[in-house]
>>> print(open('run.txt').read())   # compact mmCIF, C-alpha atoms and all ligand atoms
# COMPACT_ATOMS: atom_id res chain seq x y z
CA MET R 20 7.77 -22.27 9.86
CA LYS R 21 5.32 -19.40 9.36
CA THR R 22 2.32 -20.08 7.12
CA ILE R 23 1.04 -17.29 4.87
CA SER R 24 -2.21 -16.53 3.05
CA LEU R 25 -1.03 -14.44 0.11
CA ILE R 26 -3.71 -12.18 -1.36
CA GLY R 27 -2.66 -10.48 -4.60
CA SER R 28 0.14 -12.93 -5.44
CA THR R 29 0.58 -11.85 -9.08
CA GLY R 30 1.18 -8.14 -8.40
CA SER R 31 4.39 -6.25 -7.83
CA ILE R 32 4.30 -6.84 -4.06
CA GLY R 33 2.84 -10.36 -4.38
CA GLN R 34 5.69 -11.50 -6.61
CA GLN R 35 8.23 -10.08 -4.15
CA VAL R 36 6.53 -11.97 -1.31
CA CYS R 37 7.06 -15.09 -3.44
CA SER R 38 10.71 -14.18 -3.87
CA VAL R 39 11.11 -13.82 -0.08
CA ALA R 40 9.36 -17.18 0.46
CA ARG R 41 11.68 -18.78 -2.12
CA ARG R 42 14.78 -17.34 -0.44
CA HIS R 43 13.76 -18.68 2.97
CA ALA R 44 11.80 -21.81 2.13
CA ASP R 45 12.76 -23.14 5.59
CA LYS R 46 10.96 -20.23 7.28
CA PHE R 47 7.86 -19.53 5.21
CA LYS R 48 5.16 -21.63 3.60
CA ILE R 49 2.57 -20.05 1.29
CA GLN R 50 -0.47 -21.94 2.47
CA SER R 51 -3.06 -20.20 0.30
CA ILE R 52 -2.82 -17.92 -2.70
CA VAL R 53 -5.24 -15.47 -4.37
CA ALA R 54 -5.01 -13.46 -7.59
CA HIS R 55 -7.58 -11.65 -9.70
CA SER R 56 -7.07 -12.27 -13.44
CA SER R 57 -3.40 -12.98 -14.20
CA ALA R 58 -4.22 -16.66 -14.70
CA GLU R 59 -0.96 -17.79 -16.28
CA LEU R 60 1.32 -16.41 -13.57
CA PHE R 61 -1.13 -17.59 -10.91
CA LEU R 62 -0.92 -21.16 -12.25
CA GLN R 63 2.88 -21.04 -12.25
CA GLN R 64 2.85 -19.87 -8.63
CA VAL R 65 0.39 -22.58 -7.59
CA LYS R 66 2.59 -25.24 -9.20
CA GLU R 67 5.72 -23.86 -7.56
CA PHE R 68 4.41 -23.29 -4.03
CA MET R 69 1.78 -26.05 -3.87
CA PRO R 70 -0.48 -24.21 -1.40
CA LYS R 71 -3.33 -26.02 0.34
CA TYR R 72 -5.80 -23.61 -1.24
CA ALA R 73 -5.81 -21.34 -4.30
CA ALA R 74 -8.44 -18.95 -5.67
CA LEU R 75 -8.91 -16.64 -8.63
CA VAL R 76 -11.36 -13.76 -8.20
CA ASN R 77 -12.20 -13.60 -11.91
CA GLU R 78 -14.82 -16.35 -12.34
CA GLU R 79 -14.44 -16.75 -16.08
CA MET R 80 -10.69 -17.28 -15.78
CA GLY R 81 -11.26 -19.47 -12.74
CA ARG R 82 -13.41 -21.83 -14.79
CA ALA R 83 -10.84 -21.77 -17.59
CA VAL R 84 -7.90 -22.87 -15.40
CA ALA R 85 -9.73 -25.20 -12.99
CA ASP R 86 -8.58 -28.41 -14.70
CA GLN R 87 -4.92 -27.31 -14.63
CA ILE R 88 -4.72 -26.99 -10.83
CA PRO R 89 -2.40 -29.69 -9.47
CA GLN R 90 -3.78 -32.52 -7.34
CA GLY R 91 -3.77 -31.78 -3.63
CA VAL R 92 -4.55 -28.07 -4.08
CA LYS R 93 -8.14 -27.11 -3.27
CA PHE R 94 -9.31 -24.53 -5.82
CA GLY R 95 -12.09 -21.94 -5.89
CA TYR R 96 -13.05 -18.89 -7.89
CA GLY R 97 -15.10 -15.75 -7.32
CA GLU R 98 -15.02 -13.23 -4.47
CA GLU R 99 -16.31 -15.50 -1.74
CA ALA R 100 -13.81 -18.22 -2.64
CA ALA R 101 -11.01 -15.64 -2.49
CA LEU R 102 -12.02 -14.55 1.02
CA GLU R 103 -11.90 -18.17 2.20
CA ALA R 104 -8.14 -18.19 1.56
CA ILE R 105 -7.57 -16.09 4.69
CA ALA R 106 -8.50 -19.04 6.89
CA TYR R 107 -5.45 -21.08 5.85
CA GLY R 108 -2.32 -19.17 6.91
CA GLU R 109 -1.20 -17.81 10.29
CA VAL R 110 -0.56 -14.45 8.64
CA ALA R 111 -2.71 -12.76 6.00
CA PHE R 112 -0.43 -10.94 3.56
CA VAL R 113 -2.79 -8.38 2.00
CA ALA R 114 -1.17 -7.23 -1.24
CA THR R 115 -4.16 -6.46 -3.44
CA THR R 116 -4.57 -3.03 -4.89
CA GLY R 117 -7.28 -0.49 -4.07
CA PHE R 118 -10.46 -0.65 -2.01
CA SER R 119 -10.62 -4.43 -2.58
CA GLY R 120 -7.99 -4.88 0.14
CA LEU R 121 -10.32 -3.71 2.91
CA LYS R 122 -12.56 -6.75 2.91
CA TYR R 123 -9.58 -9.12 3.09
CA SER R 124 -8.13 -7.17 6.01
CA LEU R 125 -11.49 -7.21 7.82
CA LYS R 126 -11.81 -10.94 7.18
CA ALA R 127 -8.36 -11.47 8.69
CA VAL R 128 -9.41 -9.53 11.80
CA GLU R 129 -12.61 -11.58 12.05
CA LEU R 130 -10.57 -14.81 11.90
CA LYS R 131 -7.98 -13.37 14.34
CA LYS R 132 -5.10 -13.68 11.89
CA ASP R 133 -2.08 -11.39 12.05
CA ILE R 134 -1.91 -9.07 9.05
CA ALA R 135 1.09 -8.06 6.94
CA LEU R 136 -0.41 -5.01 5.29
CA ALA R 137 0.81 -3.76 1.93
CA ASN R 138 -2.65 -2.60 0.82
CA LYS R 139 -2.59 1.00 2.06
CA GLU R 140 -6.19 1.62 0.97
CA THR R 141 -7.29 -0.57 3.92
CA LEU R 142 -6.15 2.22 6.26
CA VAL R 143 -6.89 5.14 3.94
CA CYS R 144 -10.53 4.07 3.65
CA GLY R 145 -11.14 2.31 6.95
CA GLY R 146 -8.28 3.32 9.24
CA GLU R 147 -10.25 3.99 12.40
CA LEU R 148 -12.55 1.00 11.96
CA VAL R 149 -9.73 -1.42 11.17
CA MET R 150 -7.38 -0.25 13.93
CA ASN R 151 -10.16 -0.49 16.54
CA LYS R 152 -10.96 -4.00 15.40
CA VAL R 153 -7.27 -4.98 15.34
CA LYS R 154 -6.90 -3.81 18.96
CA GLY R 155 -10.09 -5.59 19.96
CA ALA R 156 -9.00 -8.86 18.34
CA GLY R 157 -5.53 -8.72 19.94
CA ILE R 158 -3.82 -9.44 16.63
CA ASP R 159 -0.67 -7.92 15.19
CA LEU R 160 -0.69 -5.63 12.14
CA MET R 161 2.72 -5.36 10.46
CA PRO R 162 3.25 -2.47 8.04
CA VAL R 163 4.76 -3.29 4.64
CA ASP R 164 4.72 0.12 2.95
CA SER R 165 8.41 1.06 3.06
CA GLU R 166 7.91 4.38 4.90
CA HIS R 167 5.73 2.79 7.56
CA SER R 168 8.12 -0.11 7.95
CA ALA R 169 10.89 2.47 8.43
CA LEU R 170 8.83 4.25 11.12
CA TRP R 171 8.06 0.91 12.77
CA GLN R 172 11.77 0.04 12.86
CA ALA R 173 12.74 3.47 14.16
CA LEU R 174 10.04 3.09 16.84
CA ASN R 175 11.65 -0.22 17.79
CA PHE R 176 8.54 -2.06 16.58
CA ARG R 177 6.29 0.35 18.49
CA LYS R 178 7.95 -0.23 21.86
CA ASN R 179 9.16 3.36 22.24
CA ALA R 180 5.84 5.13 22.09
CA PRO R 181 6.46 8.84 22.80
CA PHE R 182 7.64 10.70 19.73
CA ARG R 183 7.63 14.31 18.66
CA ARG R 184 7.32 13.79 14.91
CA LEU R 185 7.02 11.08 12.32
CA ILE R 186 8.98 12.24 9.27
CA ILE R 187 7.86 10.50 6.10
CA THR R 188 10.18 10.73 3.11
CA ALA R 189 9.09 10.98 -0.52
CA SER R 190 11.16 10.53 -3.66
CA GLY R 191 9.17 13.40 -5.16
CA GLY R 192 8.25 11.24 -8.15
CA PRO R 193 9.22 11.97 -11.75
CA PHE R 194 7.62 15.46 -11.92
CA TYR R 195 8.72 17.10 -8.66
CA SER R 196 10.35 20.05 -10.40
CA TYR R 197 7.97 20.29 -13.41
CA THR R 198 6.32 23.59 -14.25
CA ASP R 199 2.58 23.89 -14.87
CA GLU R 200 3.14 23.84 -18.63
CA GLN R 201 5.24 20.70 -18.40
CA LEU R 202 2.56 18.99 -16.32
CA GLU R 203 -0.01 19.69 -19.06
CA LYS R 204 1.99 17.41 -21.38
CA VAL R 205 2.52 14.43 -19.06
CA THR R 206 1.58 11.10 -20.71
CA PRO R 207 0.74 7.76 -19.06
CA ALA R 208 4.07 6.35 -20.32
CA SER R 209 6.11 9.15 -18.70
CA ALA R 210 4.10 8.96 -15.46
CA LEU R 211 4.67 5.19 -15.28
CA LYS R 212 8.47 5.72 -15.17
CA HIS R 213 9.25 6.14 -11.50
CA PRO R 214 12.81 7.33 -10.78
CA THR R 215 13.57 4.99 -7.86
CA TRP R 216 10.85 2.31 -7.41
CA GLN R 217 9.29 -0.46 -9.58
CA MET R 218 5.61 -0.81 -8.59
CA GLY R 219 2.10 -1.57 -9.86
CA ALA R 220 0.44 0.98 -12.17
CA LYS R 221 -1.96 2.61 -9.67
CA ILE R 222 0.64 3.36 -7.01
CA THR R 223 3.14 4.52 -9.65
CA ILE R 224 0.68 7.15 -10.92
CA ASP R 225 -0.17 8.05 -7.32
CA SER R 226 3.55 8.60 -6.72
CA ALA R 227 3.70 10.94 -9.71
CA THR R 228 0.72 13.00 -8.45
CA LEU R 229 1.93 12.64 -4.82
CA LEU R 230 -1.50 11.30 -3.84
CA ASN R 231 0.50 8.32 -2.60
CA LYS R 232 2.33 10.53 -0.10
CA GLY R 233 -0.98 11.91 1.14
CA PHE R 234 -2.25 8.36 1.53
CA GLU R 235 0.90 7.52 3.49
CA VAL R 236 0.21 10.37 5.91
CA ILE R 237 -3.27 8.89 6.48
CA GLU R 238 -1.76 5.43 6.92
CA ALA R 239 0.73 6.77 9.52
CA ARG R 240 -2.05 8.62 11.30
CA TRP R 241 -3.84 5.32 12.01
CA LEU R 242 -0.89 2.95 12.37
CA TYR R 243 0.87 5.09 14.97
CA ASP R 244 -2.10 6.98 16.43
CA ALA R 245 -0.43 10.24 15.41
CA PRO R 246 -2.34 13.48 14.93
CA LEU R 247 -1.66 15.26 11.63
CA GLU R 248 0.42 17.94 13.42
CA LYS R 249 2.94 15.26 14.38
CA ILE R 250 3.39 13.97 10.84
CA HIS R 251 5.89 15.76 8.66
CA THR R 252 6.87 14.95 5.05
CA ILE R 253 10.07 15.76 3.18
CA VAL R 254 11.44 14.90 -0.23
CA GLN R 255 14.53 12.68 -0.17
CA PRO R 256 15.18 12.22 -3.89
CA GLU R 257 17.64 9.31 -3.68
CA SER R 258 15.15 7.10 -1.74
CA ILE R 259 17.88 5.95 0.64
CA ILE R 260 16.26 7.19 3.87
CA HIS R 261 12.83 5.56 4.00
CA SER R 262 11.50 7.64 6.93
CA LEU R 263 12.57 9.00 10.31
CA VAL R 264 11.22 9.38 13.83
CA GLU R 265 12.05 12.34 16.05
CA PHE R 266 11.73 11.53 19.74
CA ASP R 267 10.90 13.79 22.68
CA ASP R 268 14.59 14.28 23.53
CA GLY R 269 15.36 15.55 20.00
CA CYS R 270 17.01 12.32 18.81
CA VAL R 271 16.15 11.39 15.21
CA MET R 272 16.28 7.75 14.07
CA ALA R 273 16.41 7.10 10.32
CA GLN R 274 16.09 3.82 8.47
CA MET R 275 18.34 3.53 5.42
CA SER R 276 18.89 1.05 2.62
CA TYR R 277 18.88 0.95 -1.16
CA PRO R 278 15.27 1.01 -2.35
CA THR R 279 13.77 -2.49 -2.14
CA MET R 280 10.40 -3.79 -0.99
CA GLU R 281 11.85 -7.18 -0.07
CA LEU R 282 13.26 -5.80 3.16
CA PRO R 283 9.93 -4.47 4.52
CA ILE R 284 8.10 -7.54 3.17
CA GLN R 285 10.47 -9.95 4.88
CA LEU R 286 10.66 -7.98 8.12
CA ALA R 287 6.86 -7.94 8.39
CA LEU R 288 7.10 -11.73 8.51
CA THR R 289 10.19 -12.20 10.72
CA TYR R 290 10.29 -9.21 13.11
CA PRO R 291 11.90 -8.70 15.55
CA GLU R 292 14.36 -11.11 13.95
CA ARG R 293 16.28 -10.18 10.80
CA PHE R 294 17.71 -12.41 8.08
CA ASP R 295 19.57 -11.90 4.81
CA CYS R 296 17.29 -10.42 2.18
CA GLY R 297 19.66 -10.22 -0.76
CA LEU R 298 20.31 -6.52 -0.29
CA ARG R 299 23.77 -5.15 -1.17
CA PRO R 300 25.48 -3.14 1.59
CA LEU R 301 25.11 0.63 1.38
CA ASN R 302 28.18 2.15 -0.24
CA PHE R 303 28.31 5.53 1.48
CA GLU R 304 31.34 6.76 -0.46
CA GLU R 305 29.57 6.03 -3.74
CA LEU R 306 26.34 7.66 -2.54
CA GLY R 307 27.98 10.99 -1.79
CA SER R 308 25.38 13.43 -0.52
CA ILE R 309 21.83 12.70 0.53
CA ARG R 310 19.47 15.58 -0.16
CA PHE R 311 16.35 16.84 1.60
CA LEU R 312 13.86 19.11 -0.18
CA PRO R 313 10.54 20.59 0.94
CA LEU R 314 7.19 19.00 0.08
CA GLU R 315 4.84 21.96 -0.06
CA ARG R 316 1.22 21.07 0.33
CA LYS R 317 -0.15 23.75 -1.96
CA ARG R 318 2.14 22.80 -4.87
CA PHE R 319 0.72 19.27 -5.22
CA PRO R 320 -3.09 19.24 -5.45
CA CYS R 321 -3.53 15.48 -4.95
CA TYR R 322 -1.32 15.52 -1.86
CA ASP R 323 -3.28 18.51 -0.56
CA LEU R 324 -6.61 16.75 -1.23
CA ALA R 325 -5.53 13.70 0.76
CA LEU R 326 -4.63 15.89 3.76
CA THR R 327 -7.92 17.76 3.38
CA ALA R 328 -9.80 14.45 3.37
CA LEU R 329 -7.96 13.40 6.54
CA GLU R 330 -8.84 16.71 8.21
CA GLU R 331 -12.48 16.26 7.17
CA GLY R 332 -12.39 12.74 8.63
CA ASP R 333 -15.28 10.23 8.60
CA ASN R 334 -15.85 8.77 5.11
CA PHE R 335 -14.01 11.53 3.19
CA PRO R 336 -10.71 9.67 2.68
CA CYS R 337 -12.68 6.66 1.42
CA ALA R 338 -14.54 8.85 -1.10
CA LEU R 339 -11.27 10.38 -2.22
CA ASN R 340 -9.78 6.95 -2.79
CA GLY R 341 -12.76 5.75 -4.85
CA ALA R 342 -12.60 8.87 -7.02
CA GLY R 343 -8.84 8.43 -7.43
CA GLU R 344 -9.18 4.82 -8.59
CA VAL R 345 -11.57 5.88 -11.36
CA ALA R 346 -9.57 8.99 -12.31
CA VAL R 347 -6.25 7.14 -12.55
CA ARG R 348 -7.84 4.41 -14.68
CA ALA R 349 -9.22 7.12 -16.99
CA PHE R 350 -5.80 8.77 -17.21
CA LEU R 351 -4.10 5.45 -18.04
CA ASP R 352 -6.73 4.80 -20.73
CA GLY R 353 -6.03 8.21 -22.26
CA ARG R 354 -9.48 9.60 -21.42
CA ILE R 355 -8.35 12.47 -19.17
CA ALA R 356 -5.18 14.54 -18.84
CA PHE R 357 -2.76 14.20 -15.91
CA LYS R 358 -3.94 17.39 -14.20
CA GLU R 359 -7.57 16.26 -14.43
CA ILE R 360 -6.89 13.47 -11.95
CA ALA R 361 -6.80 16.03 -9.14
CA LYS R 362 -9.75 17.98 -10.54
CA THR R 363 -11.91 14.84 -10.67
CA MET R 364 -11.02 13.94 -7.11
CA GLU R 365 -11.67 17.45 -5.85
CA ALA R 366 -15.12 17.53 -7.51
CA VAL R 367 -16.07 14.18 -5.96
CA LEU R 368 -14.83 15.24 -2.51
CA SER R 369 -16.93 18.41 -2.67
CA LYS R 370 -20.04 16.30 -3.37
CA THR R 371 -19.37 13.71 -0.67
CA GLN R 372 -22.06 13.27 1.94
CA ARG R 373 -20.63 12.91 5.42
CA ARG R 374 -21.20 9.57 7.10
CA THR R 375 -19.52 8.07 10.15
CA ALA R 376 -17.12 5.45 8.82
CA ASP R 377 -18.01 2.84 11.42
CA SER R 378 -18.86 -0.16 9.26
CA TYR R 379 -17.80 -1.88 6.05
CA GLU R 380 -21.26 -1.18 4.63
CA VAL R 381 -20.86 2.60 5.03
CA LEU R 382 -17.43 2.46 3.41
CA LYS R 383 -18.66 0.28 0.56
CA ALA R 384 -21.57 2.67 -0.10
CA THR R 385 -19.18 5.65 0.01
CA ASP R 386 -16.80 3.94 -2.40
CA LEU R 387 -19.57 3.08 -4.87
CA ARG R 388 -21.00 6.58 -4.79
CA ALA R 389 -17.59 8.21 -5.25
CA ARG R 390 -16.86 5.95 -8.22
CA ALA R 391 -20.21 6.75 -9.81
CA LEU R 392 -19.63 10.50 -9.37
CA ALA R 393 -16.11 10.22 -10.78
CA ARG R 394 -17.34 8.19 -13.77
CA GLU R 395 -19.77 10.96 -14.66
CA LEU R 396 -16.84 13.38 -14.73
CA VAL R 397 -14.35 11.36 -16.75
P1 LIG N 1 -0.35 -4.52 -8.50
O1 LIG N 1 -1.36 -3.83 -9.33
O2 LIG N 1 0.98 -4.81 -9.09
O3 LIG N 1 -0.95 -5.93 -8.00
C1 LIG N 1 -2.23 -6.06 -7.46
C2 LIG N 1 -2.50 -7.52 -7.11
O4 LIG N 1 -3.80 -7.63 -6.53
C3 LIG N 1 -2.49 -8.46 -8.31
O5 LIG N 1 -2.05 -9.72 -7.87
C4 LIG N 1 -3.97 -8.52 -8.69
O6 LIG N 1 -4.31 -9.71 -9.39
C5 LIG N 1 -4.58 -8.54 -7.31
N1 LIG N 1 -5.97 -8.09 -7.23
C6 LIG N 1 -6.56 -7.04 -7.84
N2 LIG N 1 -7.84 -6.94 -7.45
C7 LIG N 1 -8.08 -7.96 -6.58
C8 LIG N 1 -9.20 -8.41 -5.83
N3 LIG N 1 -10.37 -7.79 -5.90
N4 LIG N 1 -9.04 -9.48 -5.03
C9 LIG N 1 -7.86 -10.14 -4.96
N5 LIG N 1 -6.77 -9.77 -5.62
C10 LIG N 1 -6.88 -8.69 -6.43
O7 LIG N 1 -0.21 -3.68 -7.17
P2 LIG N 1 1.07 -3.51 -6.23
O8 LIG N 1 1.64 -4.85 -5.91
O9 LIG N 1 1.95 -2.46 -6.75
O10 LIG N 1 0.41 -2.90 -4.92
C11 LIG N 1 -0.36 -3.67 -4.02
C12 LIG N 1 -0.68 -2.83 -2.80
O11 LIG N 1 0.53 -2.54 -2.11
C13 LIG N 1 -1.32 -1.47 -3.14
O12 LIG N 1 -2.23 -1.13 -2.15
C14 LIG N 1 -0.14 -0.51 -3.11
O13 LIG N 1 -0.51 0.80 -2.79
C15 LIG N 1 0.71 -1.13 -2.00
N6 LIG N 1 2.13 -0.84 -2.08
C16 LIG N 1 2.84 -1.24 -3.18
C17 LIG N 1 4.19 -0.97 -3.29
C18 LIG N 1 4.99 -1.48 -4.45
O14 LIG N 1 6.22 -1.36 -4.42
N7 LIG N 1 4.39 -2.04 -5.46
C19 LIG N 1 4.89 -0.22 -2.24
C20 LIG N 1 4.07 0.12 -1.12
C21 LIG N 1 2.74 -0.17 -1.05
P3 LIG N 1 -4.16 -9.89 -11.01
O15 LIG N 1 -2.78 -9.48 -11.36
O16 LIG N 1 -4.37 -11.36 -11.16
O17 LIG N 1 -5.20 -9.07 -11.65
MG MG N 2 5.46 3.89 0.27
>>> encode(input="run.txt", output="structure tokens", more="lines below")
Ligand code: NDP
Ligand code: MG
Amino acid sequence: MKTISLIGSTGSIGQQVCSVARRHADKFKIQSIVAHSSAELFLQQVKEFMPKYAALVNEEMGRAVADQIPQGVKFGYGEEAALEAIAYGEVAFVATTGFSGLKYSLKAVELKKDIALANKETLVCGGELVMNKVKGAGIDLMPVDSEHSALWQALNFRKNAPFRRLIITASGGPFYSYTDEQLEKVTPASALKHPTWQMGAKITIDSATLLNKGFEVIEARWLYDAPLEKIHTIVQPESIIHSLVEFDDGCVMAQMSYPTMELPIQLALTYPERFDCGLRPLNFEELGSIRFLPLERKRFPCYDLALTALEEGDNFPCALNGAGEVAVRAFLDGRIAFKEIAKTMEAVLSKTQRRTADSYEVLKATDLRARALARELV
């Protein structure tokens, strides 16, 4: 039985972690659970999984639901209470969205807990810091993002180190073949309709701008210690091949399945073992052809900005992320147009002051400053 601290239980990933835990109740126990403000769903989850500890980050909602928490479950609210949840499980499943994930990941390292990492911003903002600490603590960090899980599987769970290229696939998002004029007219509703994946709002918009793919290059850079020259991206519109690794002898290993996050979620918890995860077998005859298309850096400004931030290094990716969080919120609220997301991020990046990203405090200060700059622009 593996015990889990689930952070971000009410989100798209969090709910799928619950589904995996339900399917294999003999293998997993959700020992602690954290959400931010979705109080009703949070309560349902607490009643179903009966964790030892539960916390809501939103204090007002925390006070409102406190008397409905079942007996035997310790309950807290507020940020500090949420961080305490990490102490309970053997594995910290970090499935919050945005910069908030970093402090949970760092807490898990401090407490020497293995990490199942869905929150990509942990590595986008603090990749070098976190990976150094993970190595120092001797803990395991299991990727959950589907592309990075695919790379991990193709690398035989990192046992076969030497590779020539990591090849990250992208669906291309809903606007891959849009013209400039068509992009002018993109609405939040159309950007929230992803062709192949069902996800939270932030990552869905990031998939439409392809910022998400840039973030995934940064994630791969730190997870697999790969310089940018060794990371290649291609569009695979059907989302059947989730990524590939090319080895020194020219062999290419691909990981394939219908699109589902339950496979990478479950594998992060059971590897190297594999169990049923409710996935239907690939029907190759029905699939027909699988296409590959180029992902040109200069065509997608958000993707380009993420690679630029990685090349700049230090606290630049963290600043880019902070700006992106504000810009995407503004787009979803109808305050800026789709194309202004990239413009906002570019303006913030150009005003970023370089600092060595060697502590949480530096990253937090960078994030706050980037958000403030972005808010002035939107
Ligand atoms: P969602 O927006 O659907 O869910 C976010 C979750 O985090 C919710 O449970 C939310 O709580 C909680 N949360 C928000 N802020 C905090 C905080 N400060 N402390 C604790 N919990 C918080 O996001 P997704 O599930 O889509 O994505 C989660 C992460 O996984 C992101 O980093 C994303 O990039 C990554 N990812 C997601 C994929 C997907 O398929 N969805 C695929 C690959 C990666 P509440 O609802 O109560 O407000
Ligand atoms: Mg992904």
>>> residues_near_ligand(input="run.txt", ligand="ligand MG 2 (chain N)", cutoff="6 Å", atoms="all atoms listed in the file", output="ChimeraX atom specification")
/R:164-166
>>> residues_around(input="run.txt", residues="Arg293 in chain R", least_positions_apart="4", cutoff="12 Å", atoms="all atoms listed in the file", output="mmCIF file with C-alpha atoms, in the frame of the given file")
data_model
loop_
_atom_site.group_PDB
_atom_site.id
_atom_site.type_symbol
_atom_site.label_atom_id
_atom_site.label_comp_id
_atom_site.auth_asym_id
_atom_site.auth_seq_id
_atom_site.Cartn_x
_atom_site.Cartn_y
_atom_site.Cartn_z
ATOM 1 C CA HIS R 43 13.760 -18.680 2.970
ATOM 2 C CA LYS R 46 10.960 -20.230 7.280
ATOM 3 C CA GLN R 172 11.770 0.040 12.860
ATOM 4 C CA LEU R 282 13.260 -5.800 3.160
ATOM 5 C CA PRO R 283 9.930 -4.470 4.520
ATOM 6 C CA ILE R 284 8.100 -7.540 3.170
ATOM 7 C CA GLN R 285 10.470 -9.950 4.880
ATOM 8 C CA LEU R 286 10.660 -7.980 8.120
ATOM 9 C CA ALA R 287 6.860 -7.940 8.390
ATOM 10 C CA LEU R 288 7.100 -11.730 8.510
ATOM 11 C CA THR R 289 10.190 -12.200 10.720
#
>>> closest_residue(input="run.txt", among="R:Phe182, R:Trp216, R:Phe47, R:Phe266", to="ligand LIG 1 (chain N)", atoms="only C-alpha atoms and all ligand atoms")
R:Trp216
>>> atom_distance(input="run.txt", atom1="CA of Lys249 in chain R", atom2="CA of Leu329 in chain R")
13.6 Å
>>> atom_distance(input="run.txt", atom1="CA of Val76 in chain R", atom2="CA of Ile158 in chain R")
26.3 Å
>>> atom_distance(input="run.txt", atom1="atom O8 of ligand LIG 1 (chain N)", atom2="CA of Asp86 in chain R")
27.1 Å
>>> residues_near_ligand(input="run.txt", ligand="ligand LIG 1 (chain N)", cutoff="6 Å", atoms="only C-alpha atoms and all ligand atoms", output="MDAnalysis selection string")
chainID R and resid 26:33 53:57 76 114:117 119 137:140 164 218:220 222 280
>>> residues_around(input="run.txt", residues="Phe118 in chain R", least_positions_apart="4", cutoff="8 Å", atoms="all atoms listed in the file", output="PyMOL selection string")
chain R and resi 140-141+144+340-341+386
>>> residues_around(input="run.txt", residues="Ala325 in chain R", least_positions_apart="5", cutoff="8 Å", atoms="all atoms listed in the file", output="PyMOL selection string")
chain R and resi 230+233-234+237+336+339
>>> residues_around(input="run.txt", residues="Lys66 in chain R", least_positions_apart="6", cutoff="10 Å", atoms="all atoms listed in the file", output="PyMOL selection string")
chain R and resi 60+87-90+92
>>> closest_atom_pairs(input="run.txt", of="range 182-207 of chain R", to="range 355-373 of chain R", cutoff="8 Å", atoms="all atoms listed in the file", output="CSV")
residue,atom,partner,partner_atom,distance
R:Leu202,CA,R:Lys358,CA,7.0
R:Glu203,CA,R:Lys358,CA,6.7
R:Lys204,CA,R:Phe357,CA,7.9
R:Val205,CA,R:Phe357,CA,6.2
R:Thr206,CA,R:Phe357,CA,7.2
R:Pro207,CA,R:Phe357,CA,8.0
>>> closest_residue(input="run.txt", among="R:Lys132, R:Lys383, R:Arg183, R:Arg388", to="Gly269 in chain R", atoms="only C-alpha atoms")
R:Arg183
